[in-house]
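So this block is final_0.pdb, PDB, C-alpha atoms:
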```pdb
ATOM      1  CA  MET A   1     126.567 106.947 100.975
ATOM      2  CA  ALA A   2     127.753 104.873  98.012
ATOM      3  CA  GLU A   3     125.406 102.005  98.854
ATOM      4  CA  PHE A   4     122.452 104.361  99.250
ATOM      5  CA  MET A   5     123.165 106.204  96.007
ATOM      6  CA  ALA A   6     123.360 102.849  94.205
ATOM      7  CA  GLU A   7     119.911 101.777  95.457
ATOM      8  CA  GLU A   8     117.785 101.505  92.316
ATOM      9  CA  VAL A   9     114.352 101.371  93.967
ATOM     10  CA  ILE A  10     114.600 104.913  95.354
ATOM     11  CA  PRO A  11     114.707 107.587  92.610
ATOM     12  CA  LEU A  12     117.612 110.022  92.661
ATOM     13  CA  ARG A  13     115.177 112.914  93.080
ATOM     14  CA  THR A  14     113.755 111.348  96.226
ATOM     15  CA  LYS A  15     117.236 110.804  97.650
ATOM     16  CA  PHE A  16     118.097 114.476  97.218
ATOM     17  CA  ASP A  17     114.688 115.846  98.224
ATOM     18  CA  ASP A  18     113.676 113.647 101.118
ATOM     19  CA  TYR A  19     116.428 111.490 102.590
ATOM     20  CA  LEU A  20     119.767 113.265 102.465
ATOM     21  CA  PRO A  21     118.713 116.805 103.533
ATOM     22  CA  VAL A  22     117.318 115.417 106.795
ATOM     23  CA  ALA A  23     120.075 112.845 107.319
ATOM     24  CA  LEU A  24     122.723 115.569 106.834
ATOM     25  CA  GLY A  25     120.948 118.028 109.143
ATOM     26  CA  VAL A  26     120.108 120.604 106.469
ATOM     27  CA  ARG A  27     116.332 120.394 107.005
ATOM     28  CA  ARG A  28     114.152 119.562 110.012
ATOM     29  CA  ALA A  29     111.916 117.154 108.125
ATOM     30  CA  SER A  30     110.806 116.016 104.689
ATOM     31  CA  GLN A  31     107.555 114.642 103.328
ATOM     32  CA  ILE A  32     106.836 111.780 100.934
ATOM     33  CA  ILE A  33     103.338 111.166  99.569
ATOM     34  CA  VAL A  34     102.594 107.443  99.352
ATOM     35  CA  PRO A  35     101.865 105.716  97.056
ATOM     36  CA  ALA A  36     102.162 108.662  94.625
ATOM     37  CA  GLU A  37     105.941 109.005  95.047
ATOM     38  CA  LEU A  38     106.754 105.321  94.964
ATOM     39  CA  PRO A  39     108.247 104.174  91.642
ATOM     40  CA  ASP A  40     105.404 101.700  91.067
ATOM     41  CA  ALA A  41     102.642 104.115  92.123
ATOM     42  CA  SER A  42     100.515 103.528  89.008
ATOM     43  CA  ILE A  43     100.521  99.761  89.545
ATOM     44  CA  LEU A  44      99.717 100.077  93.246
ATOM     45  CA  GLY A  45      96.906 102.539  92.544
ATOM     46  CA  ALA A  46      95.403 100.359  89.826
ATOM     47  CA  THR A  47      95.571  97.330  92.116
ATOM     48  CA  ILE A  48      93.719  99.173  94.875
ATOM     49  CA  ASP A  49      91.052 100.360  92.423
ATOM     50  CA  ASP A  50      90.539  96.875  91.029
ATOM     51  CA  ARG A  51      90.341  95.189  94.421
ATOM     52  CA  PHE A  52      88.001  97.846  95.771
ATOM     53  CA  ARG A  53      85.617  97.271  92.865
ATOM     54  CA  GLN A  54      85.762  93.515  93.517
ATOM     55  CA  LYS A  55      85.126  94.112  97.202
ATOM     56  CA  MET A  56      82.076  96.237  96.494
ATOM     57  CA  ARG A  57      80.761  93.523  94.161
ATOM     58  CA  GLY A  58      80.978  90.974  96.948
ATOM     59  CA  ARG A  59      83.900  89.020  95.568
ATOM     60  CA  ARG A  60      86.624  87.453  97.656
ATOM     61  CA  LEU A  61      89.965  89.228  97.306
ATOM     62  CA  PRO A  62      93.348  87.540  96.810
ATOM     63  CA  GLY A  63      94.730  86.567 100.195
ATOM     64  CA  GLU A  64      91.506  87.429 102.032
ATOM     65  CA  SER A  65      90.615  84.928 104.738
ATOM     66  CA  LEU A  66      87.317  83.106 104.453
ATOM     67  CA  GLN A  67      86.304  84.533 107.819
ATOM     68  CA  ASP A  68      86.820  88.149 106.717
ATOM     69  CA  PHE A  69      85.076  87.478 103.415
ATOM     70  CA  ILE A  70      81.995  86.035 105.122
ATOM     71  CA  LYS A  71      82.006  88.848 107.673
ATOM     72  CA  GLY A  72      81.932  91.402 104.857
ATOM     73  CA  LYS A  73      79.160  89.595 103.013
ATOM     74  CA  VAL A  74      76.985  89.350 106.112
ATOM     75  CA  GLY A  75      77.764  92.911 107.142
ATOM     76  CA  LYS A  76      76.003  94.444 104.154
ATOM     77  CA  TYR A  77      72.656  93.404 105.626
ATOM     78  CA  TRP A  78      73.067  95.577 108.732
ATOM     79  CA  ARG A  79      74.517  98.610 106.987
ATOM     80  CA  ARG A  80      71.137 100.283 106.804
ATOM     81  CA  ASN A  81      72.128 103.883 106.072
ATOM     82  CA  GLN A  82      74.572 105.896 104.053
ATOM     83  CA  VAL A  83      76.806 106.779 107.008
ATOM     84  CA  GLN A  84      77.380 103.122 107.847
ATOM     85  CA  GLU A  85      78.071 102.318 104.203
ATOM     86  CA  VAL A  86      80.597 105.135 103.870
ATOM     87  CA  ARG A  87      82.392 104.023 107.028
ATOM     88  CA  TYR A  88      82.531 100.483 105.696
ATOM     89  CA  ARG A  89      84.011 101.636 102.394
ATOM     90  CA  MET A  90      86.537 103.893 104.093
ATOM     91  CA  GLN A  91      87.758 101.002 106.231
ATOM     92  CA  ALA A  92      87.889  98.745 103.175
ATOM     93  CA  LEU A  93      90.162 101.278 101.484
ATOM     94  CA  ARG A  94      92.398 101.512 104.556
ATOM     95  CA  ASP A  95      92.696  97.739 104.609
ATOM     96  CA  LEU A  96      93.624  97.753 100.930
ATOM     97  CA  TYR A  97      96.324 100.345 101.563
ATOM     98  CA  ALA A  98      97.773  98.115 104.271
ATOM     99  CA  ASP A  99      97.680  95.034 102.049
ATOM    100  CA  VAL A 100      98.749  96.568  98.727
ATOM    101  CA  VAL A 101     100.968  99.560  99.509
ATOM    102  CA  ALA A 102     102.465  98.935 102.943
ATOM    103  CA  LYS A 103     103.451  95.393 101.934
ATOM    104  CA  SER A 104     104.889  96.370  98.548
ATOM    105  CA  HIS A 105     108.599  95.944  97.850
ATOM    106  CA  SER A 106     109.076  99.617  97.035
ATOM    107  CA  TYR A 107     107.433 100.782 100.270
ATOM    108  CA  GLU A 108     109.494  98.358 102.330
ATOM    109  CA  MET A 109     112.710  99.540 100.659
ATOM    110  CA  PHE A 110     111.820 103.196 101.278
ATOM    111  CA  MET A 111     111.312 102.473 104.972
ATOM    112  CA  LYS A 112     114.375 100.239 105.195
ATOM    113  CA  TRP A 113     116.637 103.038 103.976
ATOM    114  CA  ALA A 114     115.079 105.541 106.342
ATOM    115  CA  ASP A 115     116.057 103.221 109.183
ATOM    116  CA  LYS A 116     119.562 102.656 107.808
ATOM    117  CA  LEU A 117     120.140 106.401 107.548
ATOM    118  CA  GLY A 118     118.999 106.935 111.124
ATOM    119  CA  LEU A 119     115.789 108.750 110.240
ATOM    120  CA  ASP A 120     112.712 108.615 112.430
ATOM    121  CA  ARG A 121     109.400 108.606 110.578
ATOM    122  CA  LYS A 122     105.749 109.305 111.153
ATOM    123  CA  GLU A 123     102.862 108.453 108.848
ATOM    124  CA  LEU A 124      99.786 110.689 108.638
ATOM    125  CA  GLU A 125      96.623 109.759 106.791
ATOM    126  CA  SER A 126      95.534 112.229 104.139
ATOM    127  CA  ARG A 127      92.990 109.868 102.602
ATOM    128  CA  PRO A 128      92.281 106.189 103.343
ATOM    129  CA  THR A 129      94.657 105.175 100.542
ATOM    130  CA  ILE A 130      97.016 108.158 100.752
ATOM    131  CA  ARG A 131      99.651 108.709 103.437
ATOM    132  CA  GLU A 132     102.107 111.482 104.132
ATOM    133  CA  ILE A 133     105.331 110.005 105.487
ATOM    134  CA  TYR A 134     107.606 112.429 107.305
ATOM    135  CA  PHE A 135     111.310 111.780 107.905
ATOM    136  CA  TYR A 136     113.024 113.612 110.775
ATOM    137  CA  THR A 137     115.660 113.262 113.494
ATOM    138  CA  ASP A 138     114.421 115.791 116.063
ATOM    139  CA  PRO A 139     111.857 114.088 118.382
ATOM    140  CA  SER A 140     109.936 117.371 118.778
ATOM    141  CA  VAL A 141     108.852 117.053 115.133
ATOM    142  CA  ALA A 142     106.681 114.053 116.046
ATOM    143  CA  THR A 143     104.712 116.180 118.515
ATOM    144  CA  GLU A 144     104.305 118.950 115.948
ATOM    145  CA  LEU A 145     103.003 116.431 113.427
ATOM    146  CA  ASP A 146     100.357 115.262 115.911
ATOM    147  CA  VAL A 147      99.229 118.877 116.261
ATOM    148  CA  LEU A 148      99.221 119.251 112.470
ATOM    149  CA  GLN A 149      97.042 116.171 112.021
ATOM    150  CA  ASP A 150      94.570 117.349 114.669
ATOM    151  CA  LEU A 151      94.411 120.703 112.919
ATOM    152  CA  ARG A 152      93.681 119.000 109.596
ATOM    153  CA  LYS A 153      90.858 117.004 111.160
ATOM    154  CA  ASP A 154      89.318 120.185 112.561
ATOM    155  CA  ILE A 155      89.581 121.935 109.198
ATOM    156  CA  ARG A 156      87.959 119.043 107.358
ATOM    157  CA  TYR A 157      85.206 118.728 109.955
ATOM    158  CA  GLU A 158      84.416 122.413 109.554
ATOM    159  CA  ARG A 159      84.390 122.002 105.781
ATOM    160  CA  MET A 160      81.810 119.241 106.093
ATOM    161  CA  ARG A 161      79.589 121.537 108.196
ATOM    162  CA  THR A 162      79.914 124.464 105.819
ATOM    163  CA  PRO A 163      78.450 124.618 102.286
ATOM    164  CA  PRO A 164      81.358 124.516  99.770
ATOM    165  CA  GLY A 165      80.015 127.451  97.744
ATOM    166  CA  ASN A 166      82.115 128.198  94.665
ATOM    167  CA  ALA A 167      85.343 126.766  96.065
ATOM    168  CA  PRO A 168      87.340 124.783  93.466
ATOM    169  CA  VAL A 169      87.169 121.014  93.706
ATOM    170  CA  TYR A 170      90.749 120.771  94.973
ATOM    171  CA  ALA A 171      90.007 123.135  97.873
ATOM    172  CA  ARG A 172      86.914 121.114  98.739
ATOM    173  CA  ALA A 173      88.858 117.851  98.742
ATOM    174  CA  PHE A 174      91.869 119.239 100.636
ATOM    175  CA  PRO A 175      90.613 122.317 102.555
ATOM    176  CA  GLU A 176      93.751 122.390 104.698
ATOM    177  CA  GLU A 177      95.719 123.374 101.590
ATOM    178  CA  VAL A 178      94.139 126.824 101.707
ATOM    179  CA  ASN A 179      94.229 127.271 105.491
ATOM    180  CA  THR A 180      96.805 129.810 106.686
ATOM    181  CA  THR A 181      97.489 128.228 110.074
ATOM    182  CA  TYR A 182      97.946 124.779 108.572
ATOM    183  CA  LEU A 183     100.237 125.982 105.802
ATOM    184  CA  LYS A 184     102.475 127.940 108.165
ATOM    185  CA  LYS A 185     102.723 124.993 110.538
ATOM    186  CA  LEU A 186     103.583 122.579 107.739
ATOM    187  CA  GLY A 187     106.160 124.947 106.256
ATOM    188  CA  SER A 188     107.843 125.301 109.643
ATOM    189  CA  ILE A 189     107.998 121.524 110.135
ATOM    190  CA  LEU A 190     109.564 121.083 106.690
ATOM    191  CA  GLY A 191     112.203 123.701 107.463
ATOM    192  CA  PHE A 192     111.224 126.199 104.780
ATOM    193  CA  PRO A 193     112.369 129.854 105.134
ATOM    194  CA  LEU A 194     109.792 132.099 106.813
ATOM    195  CA  CYS A 195     109.844 134.611 103.941
ATOM    196  CA  CYS A 196     108.944 131.863 101.472
ATOM    197  CA  ILE A 197     106.214 130.484 103.738
ATOM    198  CA  ASP A 198     104.659 133.937 104.088
ATOM    199  CA  ARG A 199     104.733 134.502 100.321
ATOM    200  CA  TYR A 200     103.184 131.083  99.706
ATOM    201  CA  VAL A 201     100.355 131.830 102.145
ATOM    202  CA  PHE A 202      99.823 135.275 100.617
ATOM    203  CA  ASP A 203      99.505 133.742  97.163
ATOM    204  CA  ARG A 204      97.011 131.140  98.384
ATOM    205  CA  GLU A 205      94.897 133.793 100.118
ATOM    206  CA  SER A 206      95.026 136.370  97.324
ATOM    207  CA  GLY A 207      93.176 134.268  94.773
ATOM    208  CA  VAL A 208      94.999 136.195  92.021
ATOM    209  CA  LEU A 209      97.967 133.966  91.262
ATOM    210  CA  THR A 210      98.632 130.592  92.839
ATOM    211  CA  PRO A 211     102.129 130.032  94.276
ATOM    212  CA  GLU A 212     102.838 127.725  91.339
ATOM    213  CA  VAL A 213     101.863 130.284  88.702
ATOM    214  CA  ARG A 214     103.613 133.117  90.529
ATOM    215  CA  ALA A 215     106.878 131.173  90.855
ATOM    216  CA  SER A 216     106.711 130.083  87.223
ATOM    217  CA  ASN A 217     106.076 133.652  86.067
ATOM    218  CA  GLN A 218     109.030 134.930  88.079
ATOM    219  CA  LEU A 219     111.310 132.593  86.172
ATOM    220  CA  GLU A 220     109.700 133.264  82.815
ATOM    221  CA  HIS A 221     109.895 137.062  83.127
ATOM    222  CA  MET A 222     113.385 137.579  84.541
ATOM    223  CA  GLU A 223     115.255 140.518  83.041
ATOM    224  CA  LYS A 224     118.294 138.294  82.552
ATOM    225  CA  PRO A 225     118.219 134.522  81.963
ATOM    226  CA  ASP A 226     120.552 133.976  84.918
ATOM    227  CA  ASP A 227     118.746 136.234  87.416
ATOM    228  CA  TYR A 228     118.059 133.288  89.686
ATOM    229  CA  ASP A 229     120.001 131.100  92.072
ATOM    230  CA  PRO A 230     119.460 127.374  91.472
ATOM    231  CA  HIS A 231     120.302 126.743  95.135
ATOM    232  CA  ALA A 232     116.994 128.422  96.048
ATOM    233  CA  TYR A 233     115.155 125.514  94.433
ATOM    234  CA  PHE A 234     116.548 122.977  96.866
ATOM    235  CA  THR A 235     113.599 120.596  96.983
ATOM    236  CA  LYS A 236     110.366 119.518  95.301
ATOM    237  CA  ASP A 237     107.078 121.350  95.757
ATOM    238  CA  PHE A 238     108.871 124.421  97.086
ATOM    239  CA  PHE A 239     108.451 127.889  95.608
ATOM    240  CA  PRO A 240     110.955 130.484  96.863
ATOM    241  CA  CYS A 241     109.572 133.964  97.436
ATOM    242  CA  GLN A 242     112.067 135.214  94.850
ATOM    243  CA  PRO A 243     114.165 133.283  92.305
ATOM    244  CA  ASP A 244     117.284 134.389  94.190
ATOM    245  CA  CYS A 245     115.940 134.239  97.760
ATOM    246  CA  ALA A 246     119.001 134.328 100.020
ATOM    247  CA  SER A 247     117.404 132.249 102.797
ATOM    248  CA  ALA A 248     116.326 129.518 100.399
ATOM    249  CA  SER A 249     119.706 129.589  98.658
ATOM    250  CA  GLU A 250     121.460 129.028 101.983
ATOM    251  CA  LEU A 251     119.716 125.663 102.322
ATOM    252  CA  GLY A 252     120.684 124.591  98.807
ATOM    253  CA  LYS A 253     124.268 125.712  99.349
ATOM    254  CA  ALA A 254     124.463 123.939 102.707
ATOM    255  CA  MET A 255     123.289 120.727 101.075
ATOM    256  CA  TYR A 256     125.768 121.098  98.227
ATOM    257  CA  GLY A 257     128.605 121.825 100.663
ATOM    258  CA  LYS A 258     127.958 118.754 102.799
ATOM    259  CA  LEU A 259     127.679 116.513  99.756
ATOM    260  CA  SER A 260     130.933 117.941  98.378
ATOM    261  CA  GLU A 261     132.727 116.927 101.563
ATOM    262  CA  ILE A 262     131.385 113.374 101.285
ATOM    263  CA  ASP A 263     131.471 112.734  97.536
ATOM    264  CA  PRO A 264     132.156 115.426  94.894
ATOM    265  CA  ASP A 265     130.489 113.310  92.211
ATOM    266  CA  VAL A 266     127.259 113.143  94.199
ATOM    267  CA  ALA A 267     127.495 116.896  94.766
ATOM    268  CA  ARG A 268     127.670 117.460  91.004
ATOM    269  CA  LYS A 269     124.569 115.336  90.557
ATOM    270  CA  PHE A 270     122.851 117.469  93.169
ATOM    271  CA  ARG A 271     123.667 120.595  91.146
ATOM    272  CA  ASP A 272     121.967 118.985  88.151
ATOM    273  CA  HIS A 273     119.040 118.159  90.434
ATOM    274  CA  LEU A 274     118.709 121.835  91.382
ATOM    275  CA  GLU A 275     118.528 122.876  87.730
ATOM    276  CA  ASN A 276     115.888 120.214  87.121
ATOM    277  CA  ASN A 277     113.878 121.656  89.996
ATOM    278  CA  VAL A 278     113.998 125.037  88.290
ATOM    279  CA  ILE A 279     112.674 123.484  85.090
ATOM    280  CA  LEU A 280     109.922 121.779  87.078
ATOM    281  CA  VAL A 281     108.819 125.064  88.658
ATOM    282  CA  ARG A 282     108.592 126.602  85.189
ATOM    283  CA  GLN A 283     106.261 123.761  84.174
ATOM    284  CA  TYR A 284     104.197 123.683  87.375
ATOM    285  CA  PRO A 285     101.132 125.614  86.146
ATOM    286  CA  GLU A 286     100.586 123.033  83.422
ATOM    287  CA  ILE A 287     101.177 120.153  85.850
ATOM    288  CA  ILE A 288      98.722 121.573  88.397
ATOM    289  CA  GLN A 289      96.097 122.177  85.730
ATOM    290  CA  LYS A 290      96.269 118.552  84.624
ATOM    291  CA  LYS A 291      95.879 117.405  88.235
ATOM    292  CA  ILE A 292      92.853 119.659  88.721
ATOM    293  CA  GLU A 293      91.245 118.410  85.518
ATOM    294  CA  ALA A 294      91.779 114.810  86.620
ATOM    295  CA  LEU A 295      90.289 115.548  90.046
ATOM    296  CA  GLU A 296      87.294 117.299  88.513
ATOM    297  CA  LYS A 297      86.782 114.391  86.145
ATOM    298  CA  VAL A 298      86.684 111.963  89.054
ATOM    299  CA  ALA A 299      84.362 114.253  91.010
ATOM    300  CA  GLY A 300      82.054 114.543  88.006
ATOM    301  CA  LYS A 301      81.748 110.777  87.744
ATOM    302  CA  THR A 302      80.915 110.380  91.415
ATOM    303  CA  GLN A 303      77.196 110.218  92.100
ATOM    304  CA  GLU A 304      75.946 112.734  94.634
ATOM    305  CA  GLY A 305      75.693 111.151  98.057
ATOM    306  CA  ASP A 306      77.723 108.163  96.928
ATOM    307  CA  ALA A 307      81.179 109.676  97.260
ATOM    308  CA  VAL A 308      83.909 107.940  99.209
ATOM    309  CA  GLU A 309      87.060 109.853 100.099
ATOM    310  CA  LYS A 310      89.856 107.789  98.723
TER     311      LYS A 310
END
```

Can you present the structure in this file as structure tokens?
Amino acid sequence: MAEFMAEEVIPLRTKFDDYLPVALGVRRASQIIVPAELPDASILGATIDDRFRQKMRGRRLPGESLQDFIKGKVGKYWRRNQVQEVRYRMQALRDLYADVVAKSHSYEMFMKWADKLGLDRKELESRPTIREIYFYTDPSVATELDVLQDLRKDIRYERMRTPPGNAPVYARAFPEEVNTTYLKKLGSILGFPLCCIDRYVFDRESGVLTPEVRASNQLEHMEKPDDYDPHAYFTKDFFPCQPDCASASELGKAMYGKLSEIDPDVARKFRDHLENNVILVRQYPEIIQKKIEALEKVAGKTQEGDAVEK
């Protein structure tokens, strides 16, 4: 524990949200978005963007073999239609992920510590340069993740066949994020309480308040400032059905109890982490709005028929 807590590459938040709850048996699984949650995410993302632009301009990339470079140059002459071009670009992005992200020091350290803590892992592709990495110890989770990925593929295929209508850009880019079956399956894999999963799905379907806005409002409009249990906010990107949800609080308390047995100082840091999660939930509407604006900005710059899912 001491060696892991001293590891500087992995942020404290990630240790409490993603590694320790699974390693200590508090949660079935956790999810890390890569490269977004790596400490050098901005550098990795900028590197991918730069190399992709060079690739599309026909330039040889650092470390690229002469054979692959020539193959890419010649290949452009037989990519006669848009479908072939999109497939080529998608594969180029996947190759860049493998070269830039999967070989980065931060990524290797994240995986090294998963192994040292006895965590199994499975990597699912969300976009060619975005992966969801799941940590777990129960082998049945791997099978459930395969089902989840197949479900996502079906949802996205159906989205491609169906006109997007007035759906927001985020829902068009990630249609699974508004699909009830997908959300319930994911929540179950991550070990979230059923009451909180159901409330999350209800919020997504209602179209009135998003889960983020609803959870923020619950904290902002409490009758008493302390009408919440910080233990209910036991991990990132989780919005308890109520600020004092007993089922969610049990998970936070279980985590705190196990840490207290191992190292009281680490347990105290976890309590601070819980309070920081509460603050984050209060701020979530603003955070989500900025993400949506950024996504819409990118979508607006993309020429129709020229888009590449990244």

Please determine, counting all atoms listed in the file, which residue among A:Ile10, A:Met222, A:Leu96, A:Val278 has the shortest atom-to-atom distance to Pro240 of chain A. A:Val278

Hey, what's within 10 Å of Phe174 of chain A if we count only C-alpha atoms and toss same-chain stuff fewer than 6 positions away? As a list in words, please?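 Within the cut-off, the hits are Ser126, Arg127, Arg152, Ile155, Arg156 and Arg159 of chain A.
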
What lies within 9 Å of segment 46-49 of chain A using only C-alpha atoms, ignoring chain neighbours under 6 positions off, as number ranges by chain? A: 93, 96-97, 100-101, 129

Take the residues from that selection and write them out as a PDB file, in the coordinates of the input, keeping C-alpha atoms.
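Final output, saved to part31.pdb:
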```pdb
ATOM      1  CA  LEU A  93      90.162 101.278 101.484  1.00  0.00           C
ATOM      2  CA  LEU A  96      93.624  97.753 100.930  1.00  0.00           C
ATOM      3  CA  TYR A  97      96.324 100.345 101.563  1.00  0.00           C
ATOM      4  CA  VAL A 100      98.749  96.568  98.727  1.00  0.00           C
ATOM      5  CA  VAL A 101     100.968  99.560  99.509  1.00  0.00           C
ATOM      6  CA  THR A 129      94.657 105.175 100.542  1.00  0.00           C
TER       7      THR A 129
END
```

Atom CA of Val22 of chain A to atom CA of Lys184 of chain A, straight-line distance in Å: 19.5 Å

For this structure, which residues satisfy the selection - the PyMOL selection byres ((chain A and resi 15-20) around 9) - when it is evaluated on the file as given? I want them as a PDB file with C-alpha atoms, in the frame of the given file.
```pdb
ATOM      1  CA  PHE A   4     122.452 104.361  99.250  1.00  0.00           C
ATOM      2  CA  MET A   5     123.165 106.204  96.007  1.00  0.00           C
ATOM      3  CA  ILE A  10     114.600 104.913  95.354  1.00  0.00           C
ATOM      4  CA  PRO A  11     114.707 107.587  92.610  1.00  0.00           C
ATOM      5  CA  LEU A  12     117.612 110.022  92.661  1.00  0.00           C
ATOM      6  CA  ARG A  13     115.177 112.914  93.080  1.00  0.00           C
ATOM      7  CA  THR A  14     113.755 111.348  96.226  1.00  0.00           C
ATOM      8  CA  PRO A  21     118.713 116.805 103.533  1.00  0.00           C
ATOM      9  CA  VAL A  22     117.318 115.417 106.795  1.00  0.00           C
ATOM     10  CA  ALA A  23     120.075 112.845 107.319  1.00  0.00           C
ATOM     11  CA  LEU A  24     122.723 115.569 106.834  1.00  0.00           C
ATOM     12  CA  GLY A  25     120.948 118.028 109.143  1.00  0.00           C
ATOM     13  CA  VAL A  26     120.108 120.604 106.469  1.00  0.00           C
ATOM     14  CA  ALA A  29     111.916 117.154 108.125  1.00  0.00           C
ATOM     15  CA  SER A  30     110.806 116.016 104.689  1.00  0.00           C
ATOM     16  CA  GLN A  31     107.555 114.642 103.328  1.00  0.00           C
ATOM     17  CA  ILE A  32     106.836 111.780 100.934  1.00  0.00           C
ATOM     18  CA  TRP A 113     116.637 103.038 103.976  1.00  0.00           C
ATOM     19  CA  ALA A 114     115.079 105.541 106.342  1.00  0.00           C
ATOM     20  CA  LEU A 117     120.140 106.401 107.548  1.00  0.00           C
ATOM     21  CA  LEU A 119     115.789 108.750 110.240  1.00  0.00           C
ATOM     22  CA  TYR A 134     107.606 112.429 107.305  1.00  0.00           C
ATOM     23  CA  PHE A 135     111.310 111.780 107.905  1.00  0.00           C
ATOM     24  CA  PHE A 234     116.548 122.977  96.866  1.00  0.00           C
ATOM     25  CA  THR A 235     113.599 120.596  96.983  1.00  0.00           C
ATOM     26  CA  LYS A 236     110.366 119.518  95.301  1.00  0.00           C
ATOM     27  CA  MET A 255     123.289 120.727 101.075  1.00  0.00           C
ATOM     28  CA  LEU A 259     127.679 116.513  99.756  1.00  0.00           C
ATOM     29  CA  PHE A 270     122.851 117.469  93.169  1.00  0.00           C
ATOM     30  CA  HIS A 273     119.040 118.159  90.434  1.00  0.00           C
TER      31      HIS A 273
END
```

d(atom CA of Asp227 of chain A, atom CA of Ile262 of chain A) in Å: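 Between atom CA of Asp227 of chain A and atom CA of Ile262 of chain A the gap works out to 29.6 Å.
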
Go ahead and compute the interatomic distance for atom CA of Ala215 of chain A and atom CA of Lys269 of chain A, in Å to one decimal. 23.7 Å

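Residue nearest Tyr136 of chain A within the list A:Val213, A:Met1, A:Ile189, A:Cys195: A:Ile189 [criterion: smallest interatomic distance, all atoms listed in the file].
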
I need every residue sitting at most 12 Å from the point (119.8, 128.9, 87.8) (coordinates as in the file, only C-alpha atoms considered), written as JSON, numbers by chain. {"A": [219, 222, 224, 225, 226, 227, 228, 229, 230, 231, 232, 233, 234, 243, 244, 245, 249, 252, 271, 272, 273, 274, 275, 276, 277, 278, 279, 281, 282]}

Explicit residue set for the PyMOL selection byres ((chain A and resi 107) around 12), as a ChimeraX atom specification: /A:9-10,32-41,44,97-106,108-114,131,133
